[in-house]
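Shown next: entry.txt, given as compact mmCIF, N, CA and C atoms.
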# COMPACT_ATOMS: atom_id res chain seq x y z
N MET A 202 147.75 -131.65 -106.23
CA MET A 202 147.43 -132.07 -104.89
C MET A 202 148.02 -131.07 -103.91
N SER A 203 147.27 -130.68 -102.94
CA SER A 203 147.75 -129.72 -101.96
C SER A 203 148.29 -130.46 -100.73
N SER A 204 149.13 -129.76 -99.98
CA SER A 204 149.68 -130.36 -98.77
C SER A 204 149.96 -129.27 -97.75
N ALA A 205 150.06 -129.69 -96.50
CA ALA A 205 150.40 -128.80 -95.39
C ALA A 205 151.60 -129.42 -94.68
N VAL A 206 152.70 -128.67 -94.57
CA VAL A 206 153.90 -129.17 -93.91
C VAL A 206 154.17 -128.30 -92.69
N ILE A 207 154.28 -128.95 -91.54
CA ILE A 207 154.55 -128.24 -90.29
C ILE A 207 155.76 -128.88 -89.64
N LYS A 208 156.79 -128.07 -89.37
CA LYS A 208 158.00 -128.57 -88.73
C LYS A 208 158.01 -128.14 -87.28
N THR A 209 158.35 -129.09 -86.41
CA THR A 209 158.39 -128.82 -84.98
C THR A 209 159.70 -129.32 -84.40
N GLU A 210 160.01 -128.84 -83.19
CA GLU A 210 161.24 -129.23 -82.53
C GLU A 210 161.04 -129.24 -81.02
N CYS A 211 161.79 -130.12 -80.35
CA CYS A 211 161.73 -130.19 -78.89
C CYS A 211 163.15 -130.40 -78.37
N ASN A 212 163.58 -129.50 -77.49
CA ASN A 212 164.94 -129.59 -76.95
C ASN A 212 165.01 -130.29 -75.60
N ASP A 213 163.88 -130.57 -74.98
CA ASP A 213 163.89 -131.17 -73.65
C ASP A 213 162.72 -132.15 -73.52
N SER A 214 162.72 -133.18 -74.33
CA SER A 214 161.62 -134.13 -74.32
C SER A 214 161.73 -135.10 -73.15
N LYS A 215 160.60 -135.43 -72.58
CA LYS A 215 160.55 -136.39 -71.48
C LYS A 215 160.21 -137.79 -71.96
N VAL A 216 159.92 -137.93 -73.27
CA VAL A 216 159.58 -139.23 -73.83
C VAL A 216 160.49 -139.53 -75.03
N SER A 217 160.72 -140.80 -75.26
CA SER A 217 161.54 -141.20 -76.40
C SER A 217 160.71 -141.16 -77.68
N ILE A 218 161.39 -141.27 -78.81
CA ILE A 218 160.72 -141.31 -80.10
C ILE A 218 159.78 -142.52 -80.16
N ALA A 219 160.23 -143.66 -79.64
CA ALA A 219 159.38 -144.86 -79.65
C ALA A 219 158.10 -144.64 -78.84
N GLU A 220 158.24 -144.02 -77.66
CA GLU A 220 157.06 -143.73 -76.84
C GLU A 220 156.14 -142.72 -77.53
N LEU A 221 156.73 -141.71 -78.14
CA LEU A 221 155.94 -140.69 -78.83
C LEU A 221 155.19 -141.30 -80.02
N SER A 222 155.81 -142.23 -80.71
CA SER A 222 155.13 -142.92 -81.82
C SER A 222 153.89 -143.65 -81.32
N GLU A 223 154.02 -144.33 -80.20
CA GLU A 223 152.88 -145.06 -79.63
C GLU A 223 151.77 -144.10 -79.21
N ILE A 224 152.15 -142.97 -78.65
CA ILE A 224 151.17 -141.96 -78.24
C ILE A 224 150.41 -141.43 -79.45
N LEU A 225 151.14 -141.08 -80.50
CA LEU A 225 150.49 -140.59 -81.72
C LEU A 225 149.55 -141.63 -82.31
N LYS A 226 149.99 -142.88 -82.34
CA LYS A 226 149.15 -143.95 -82.90
C LYS A 226 147.86 -144.12 -82.10
N SER A 227 147.93 -143.92 -80.81
CA SER A 227 146.73 -144.11 -79.98
C SER A 227 145.80 -142.90 -79.98
N ARG A 228 146.34 -141.71 -80.27
CA ARG A 228 145.52 -140.49 -80.17
C ARG A 228 145.04 -139.92 -81.51
N ILE A 229 145.65 -140.31 -82.60
CA ILE A 229 145.22 -139.80 -83.91
C ILE A 229 144.07 -140.66 -84.40
N ASP A 230 142.96 -140.00 -84.68
CA ASP A 230 141.74 -140.68 -85.11
C ASP A 230 141.82 -140.95 -86.62
N ALA A 231 142.57 -142.00 -86.97
CA ALA A 231 142.74 -142.36 -88.38
C ALA A 231 143.32 -143.77 -88.45
N GLU A 232 143.27 -144.32 -89.64
CA GLU A 232 143.83 -145.65 -89.86
C GLU A 232 145.34 -145.55 -90.07
N LEU A 233 146.09 -146.35 -89.32
CA LEU A 233 147.54 -146.39 -89.48
C LEU A 233 147.86 -147.26 -90.68
N ASP A 234 148.50 -146.66 -91.69
CA ASP A 234 148.86 -147.41 -92.91
C ASP A 234 150.23 -148.04 -92.81
N TYR A 235 151.16 -147.34 -92.17
CA TYR A 235 152.55 -147.81 -92.16
C TYR A 235 153.29 -147.21 -90.98
N GLU A 236 154.21 -147.99 -90.43
CA GLU A 236 155.09 -147.46 -89.39
C GLU A 236 156.45 -148.14 -89.48
N SER A 237 157.48 -147.38 -89.18
CA SER A 237 158.83 -147.92 -89.20
C SER A 237 159.69 -147.10 -88.25
N THR A 238 160.50 -147.77 -87.45
CA THR A 238 161.43 -147.10 -86.55
C THR A 238 162.81 -147.69 -86.79
N ARG A 239 163.79 -146.83 -86.93
CA ARG A 239 165.16 -147.25 -87.20
C ARG A 239 166.13 -146.44 -86.33
N THR A 240 167.22 -147.09 -85.96
CA THR A 240 168.30 -146.39 -85.28
C THR A 240 169.53 -146.50 -86.15
N LEU A 241 170.10 -145.34 -86.47
CA LEU A 241 171.30 -145.26 -87.29
C LEU A 241 172.36 -144.53 -86.49
N GLY A 242 173.28 -145.26 -85.93
CA GLY A 242 174.28 -144.64 -85.05
C GLY A 242 173.59 -144.08 -83.82
N GLU A 243 173.71 -142.77 -83.60
CA GLU A 243 173.09 -142.12 -82.45
C GLU A 243 171.78 -141.43 -82.80
N THR A 244 171.28 -141.69 -84.00
CA THR A 244 170.04 -141.06 -84.45
C THR A 244 168.93 -142.10 -84.56
N THR A 245 167.77 -141.76 -84.01
CA THR A 245 166.59 -142.62 -84.11
C THR A 245 165.56 -141.92 -84.99
N LEU A 246 164.98 -142.67 -85.91
CA LEU A 246 163.96 -142.16 -86.82
C LEU A 246 162.71 -143.01 -86.70
N SER A 247 161.58 -142.35 -86.75
CA SER A 247 160.31 -143.07 -86.75
C SER A 247 159.40 -142.43 -87.80
N LEU A 248 158.85 -143.26 -88.66
CA LEU A 248 157.97 -142.79 -89.72
C LEU A 248 156.59 -143.41 -89.52
N LEU A 249 155.57 -142.56 -89.49
CA LEU A 249 154.18 -143.00 -89.34
C LEU A 249 153.37 -142.44 -90.50
N SER A 250 152.49 -143.26 -91.05
CA SER A 250 151.63 -142.84 -92.14
C SER A 250 150.19 -143.22 -91.81
N PHE A 251 149.30 -142.22 -91.83
CA PHE A 251 147.89 -142.42 -91.50
C PHE A 251 147.02 -142.04 -92.69
N GLU A 252 145.81 -142.57 -92.71
CA GLU A 252 144.83 -142.21 -93.74
C GLU A 252 143.47 -142.04 -93.08
N ARG A 253 142.74 -141.04 -93.56
CA ARG A 253 141.42 -140.76 -92.99
C ARG A 253 140.48 -140.30 -94.10
N TYR A 254 139.25 -140.76 -94.05
CA TYR A 254 138.24 -140.38 -95.04
C TYR A 254 137.49 -139.15 -94.54
N TYR A 255 137.37 -138.15 -95.42
CA TYR A 255 136.61 -136.94 -95.12
C TYR A 255 135.37 -136.94 -96.01
N SER A 256 134.22 -137.03 -95.40
CA SER A 256 132.98 -137.11 -96.18
C SER A 256 132.61 -135.80 -96.85
N ARG A 257 133.01 -134.66 -96.28
CA ARG A 257 132.61 -133.38 -96.88
C ARG A 257 133.24 -133.16 -98.25
N CYS A 258 134.36 -133.82 -98.52
CA CYS A 258 134.95 -133.71 -99.86
C CYS A 258 135.01 -135.08 -100.54
N SER A 259 134.42 -136.07 -99.91
CA SER A 259 134.37 -137.43 -100.47
C SER A 259 135.75 -137.91 -100.91
N SER A 260 136.73 -137.75 -100.04
CA SER A 260 138.09 -138.12 -100.39
C SER A 260 138.88 -138.50 -99.13
N HIS A 261 139.99 -139.16 -99.36
CA HIS A 261 140.89 -139.53 -98.27
C HIS A 261 142.01 -138.49 -98.15
N ALA A 262 142.41 -138.23 -96.93
CA ALA A 262 143.57 -137.39 -96.67
C ALA A 262 144.62 -138.26 -95.99
N ASN A 263 145.87 -137.94 -96.21
CA ASN A 263 146.97 -138.69 -95.62
C ASN A 263 147.75 -137.81 -94.66
N LEU A 264 148.27 -138.45 -93.63
CA LEU A 264 149.11 -137.76 -92.66
C LEU A 264 150.40 -138.55 -92.53
N ILE A 265 151.52 -137.87 -92.72
CA ILE A 265 152.83 -138.50 -92.58
C ILE A 265 153.57 -137.76 -91.48
N VAL A 266 154.08 -138.50 -90.51
CA VAL A 266 154.83 -137.91 -89.41
C VAL A 266 156.22 -138.54 -89.38
N LEU A 267 157.25 -137.73 -89.51
CA LEU A 267 158.63 -138.19 -89.41
C LEU A 267 159.21 -137.62 -88.12
N LEU A 268 159.56 -138.51 -87.20
CA LEU A 268 160.16 -138.12 -85.92
C LEU A 268 161.64 -138.47 -85.96
N THR A 269 162.48 -137.55 -85.52
CA THR A 269 163.92 -137.80 -85.45
C THR A 269 164.45 -137.39 -84.08
N GLU A 270 165.45 -138.12 -83.64
CA GLU A 270 166.07 -137.80 -82.35
C GLU A 270 167.58 -137.98 -82.48
N THR A 271 168.31 -136.92 -82.18
CA THR A 271 169.76 -136.94 -82.16
C THR A 271 170.20 -136.28 -80.86
N SER A 272 171.01 -136.97 -80.09
CA SER A 272 171.42 -136.50 -78.77
C SER A 272 170.17 -136.18 -77.95
N HIS A 273 169.99 -134.91 -77.56
CA HIS A 273 168.83 -134.54 -76.75
C HIS A 273 167.85 -133.68 -77.52
N ILE A 274 167.99 -133.63 -78.83
CA ILE A 274 167.09 -132.83 -79.66
C ILE A 274 166.19 -133.75 -80.47
N GLN A 275 164.90 -133.49 -80.39
CA GLN A 275 163.94 -134.22 -81.19
C GLN A 275 163.28 -133.25 -82.16
N ALA A 276 162.92 -133.76 -83.32
CA ALA A 276 162.22 -132.94 -84.31
C ALA A 276 161.13 -133.79 -84.94
N ALA A 277 160.10 -133.11 -85.44
CA ALA A 277 159.02 -133.80 -86.13
C ALA A 277 158.62 -132.98 -87.35
N GLU A 278 158.48 -133.67 -88.47
CA GLU A 278 157.92 -133.06 -89.67
C GLU A 278 156.57 -133.72 -89.88
N VAL A 279 155.54 -132.89 -89.92
CA VAL A 279 154.16 -133.37 -90.05
C VAL A 279 153.63 -132.90 -91.40
N ILE A 280 153.19 -133.85 -92.21
CA ILE A 280 152.74 -133.54 -93.56
C ILE A 280 151.32 -134.06 -93.74
N GLY A 281 150.40 -133.15 -93.98
CA GLY A 281 149.03 -133.52 -94.32
C GLY A 281 148.86 -133.34 -95.82
N CYS A 282 148.42 -134.36 -96.51
CA CYS A 282 148.30 -134.26 -97.97
C CYS A 282 147.06 -135.01 -98.46
N GLY A 283 146.73 -134.76 -99.71
CA GLY A 283 145.54 -135.39 -100.29
C GLY A 283 144.29 -134.65 -99.85
N GLY A 284 143.20 -135.34 -99.85
CA GLY A 284 141.95 -134.74 -99.42
C GLY A 284 141.28 -133.88 -100.46
N GLY A 285 141.83 -133.84 -101.66
CA GLY A 285 141.25 -133.00 -102.70
C GLY A 285 140.15 -133.71 -103.48
N TYR A 286 139.34 -132.92 -104.17
CA TYR A 286 138.29 -133.49 -104.99
C TYR A 286 138.00 -132.60 -106.19
N GLU A 287 137.31 -133.16 -107.13
CA GLU A 287 136.86 -132.47 -108.34
C GLU A 287 138.03 -131.98 -109.19
N LEU A 288 137.72 -131.21 -110.18
CA LEU A 288 138.68 -130.79 -111.19
C LEU A 288 139.88 -130.03 -110.62
N PHE A 289 139.66 -129.14 -109.69
CA PHE A 289 140.74 -128.31 -109.17
C PHE A 289 141.40 -128.91 -107.93
N ASN A 290 140.98 -130.12 -107.54
CA ASN A 290 141.58 -130.84 -106.42
C ASN A 290 141.54 -130.02 -105.13
N LEU A 291 140.40 -129.42 -104.84
CA LEU A 291 140.22 -128.61 -103.63
C LEU A 291 140.17 -129.51 -102.40
N SER A 292 140.90 -129.15 -101.36
CA SER A 292 140.94 -130.00 -100.17
C SER A 292 140.06 -129.50 -99.03
N LEU A 293 139.54 -128.30 -99.12
CA LEU A 293 138.74 -127.70 -98.05
C LEU A 293 139.50 -127.71 -96.72
N SER A 294 140.83 -127.62 -96.79
CA SER A 294 141.72 -127.59 -95.62
C SER A 294 141.72 -128.88 -94.81
N ASP A 295 141.23 -129.98 -95.38
CA ASP A 295 141.25 -131.25 -94.67
C ASP A 295 142.67 -131.68 -94.34
N ASN A 296 143.59 -131.50 -95.28
CA ASN A 296 144.97 -131.91 -95.03
C ASN A 296 145.61 -131.07 -93.93
N LYS A 297 145.28 -129.78 -93.89
CA LYS A 297 145.82 -128.91 -92.84
C LYS A 297 145.26 -129.27 -91.47
N SER A 298 143.96 -129.55 -91.38
CA SER A 298 143.38 -129.91 -90.09
C SER A 298 143.90 -131.27 -89.62
N PHE A 299 144.17 -132.17 -90.56
CA PHE A 299 144.74 -133.48 -90.23
C PHE A 299 146.15 -133.29 -89.65
N ALA A 300 146.95 -132.43 -90.26
CA ALA A 300 148.30 -132.16 -89.76
C ALA A 300 148.25 -131.49 -88.39
N LYS A 301 147.34 -130.54 -88.21
CA LYS A 301 147.20 -129.84 -86.93
C LYS A 301 146.86 -130.80 -85.79
N MET A 302 146.11 -131.86 -86.11
CA MET A 302 145.75 -132.86 -85.09
C MET A 302 147.03 -133.45 -84.47
N ALA A 303 147.99 -133.79 -85.30
CA ALA A 303 149.25 -134.35 -84.81
C ALA A 303 150.08 -133.30 -84.09
N VAL A 304 150.12 -132.10 -84.61
CA VAL A 304 150.92 -131.03 -84.00
C VAL A 304 150.41 -130.70 -82.60
N GLU A 305 149.11 -130.68 -82.41
CA GLU A 305 148.54 -130.40 -81.09
C GLU A 305 148.96 -131.46 -80.08
N ILE A 306 149.06 -132.70 -80.49
CA ILE A 306 149.53 -133.77 -79.61
C ILE A 306 151.00 -133.54 -79.27
N LEU A 307 151.80 -133.23 -80.28
CA LEU A 307 153.24 -132.98 -80.07
C LEU A 307 153.47 -131.81 -79.12
N LYS A 308 152.67 -130.77 -79.22
CA LYS A 308 152.82 -129.60 -78.34
C LYS A 308 152.66 -129.96 -76.87
N LYS A 309 151.84 -130.95 -76.59
CA LYS A 309 151.65 -131.39 -75.19
C LYS A 309 152.91 -132.04 -74.62
N PHE A 310 153.84 -132.38 -75.50
CA PHE A 310 155.09 -133.00 -75.06
C PHE A 310 156.29 -132.08 -75.29
N GLY A 311 156.03 -130.77 -75.37
CA GLY A 311 157.09 -129.78 -75.42
C GLY A 311 157.56 -129.36 -76.80
N TYR A 312 156.92 -129.84 -77.84
CA TYR A 312 157.31 -129.47 -79.20
C TYR A 312 156.77 -128.07 -79.53
N THR A 313 157.57 -127.32 -80.27
CA THR A 313 157.13 -126.01 -80.75
C THR A 313 157.31 -125.95 -82.27
N GLU A 314 156.45 -125.19 -82.91
CA GLU A 314 156.53 -125.05 -84.37
C GLU A 314 157.72 -124.20 -84.75
N LYS A 315 158.42 -124.62 -85.79
CA LYS A 315 159.53 -123.85 -86.34
C LYS A 315 159.00 -122.99 -87.46
N VAL A 316 159.51 -121.78 -87.55
CA VAL A 316 159.05 -120.87 -88.60
C VAL A 316 159.97 -120.93 -89.78
How does the structure come out when it is put into structure tokens?
Amino acid sequence: MSSAVIKTECNDSKVSIAELSEILKSRIDAELDYESTRTLGETTLSLLSFERYYSRCSSHANLIVLLTETSHIQAAEVIGCGGGYELFNLSLSDNKSFAKMAVEILKKFGYTEKV
């Protein structure tokens, strides 16, 4: 199974992790499978899991977004996975385009990709 992992960071966010989770849920064109938000001491974590059917490969792709906030630094790990078909499990970049959908939303709120 192939996957696309994109790490982002924001040092001056104007929205909280909870608000950002709601924004992602409303703007990502996919079914929300799971969500969880936890606060551990001074760190807030939010986990979102989405699923979307891609007809060109007759398969589902998954998107997992992990948002973390400590002090004034927020980070997001965006993972697009699945979407493969046939013997070699080719995804036709569906998982990467699914991950990019979330990253483009995050960029509007000051997130930048980490290399």
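Between atom CA of Leu241 of chain A and atom CA of Ala300 of chain A the separation is 26.6 Å.
In this comparison, which uses all atoms listed in the file, the residue of A:Ile306, A:Ala277, A:Val216, A:Leu249 approaching Leu264 of chain A most closely is A:Leu249.
When DSSP is run on the backbone, the residues of chain A that fall into helix (DSSP H, G or I) are A:Ile218, A:Ala219, A:Glu220, A:Leu221, A:Ser222, A:Glu223, A:Ile224, A:Leu225, A:Lys226, A:Ser227, A:Arg228, A:Asp295, A:Asn296, A:Lys297, A:Ser298, A:Phe299, A:Ala300, A:Lys301, A:Met302, A:Ala303, A:Val304, A:Glu305, A:Ile306, A:Leu307, A:Lys308.
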Checklist entry - Can you find the residues with an atom no farther than 8 Å from (165.0, -140.2, -75.5), counting all atoms listed in the file, and report them as a ChimeraX atom specification? => result /A:214-219,270,272-274
Next on the checklist: Calculated over only C-alpha atoms, which of the candidates A:Thr245, A:Gln275, A:Ser250, A:Thr240 has the smallest distance to Leu225 of chain A?
Outcome noted: A:Ser250
Checklist entry - What are the DSSP strand (DSSP E or B) residues of chain A, as a ChimeraX atom specification? => result /A:204-211,232-241,244-255,260-271,274-283,286,291,313-314
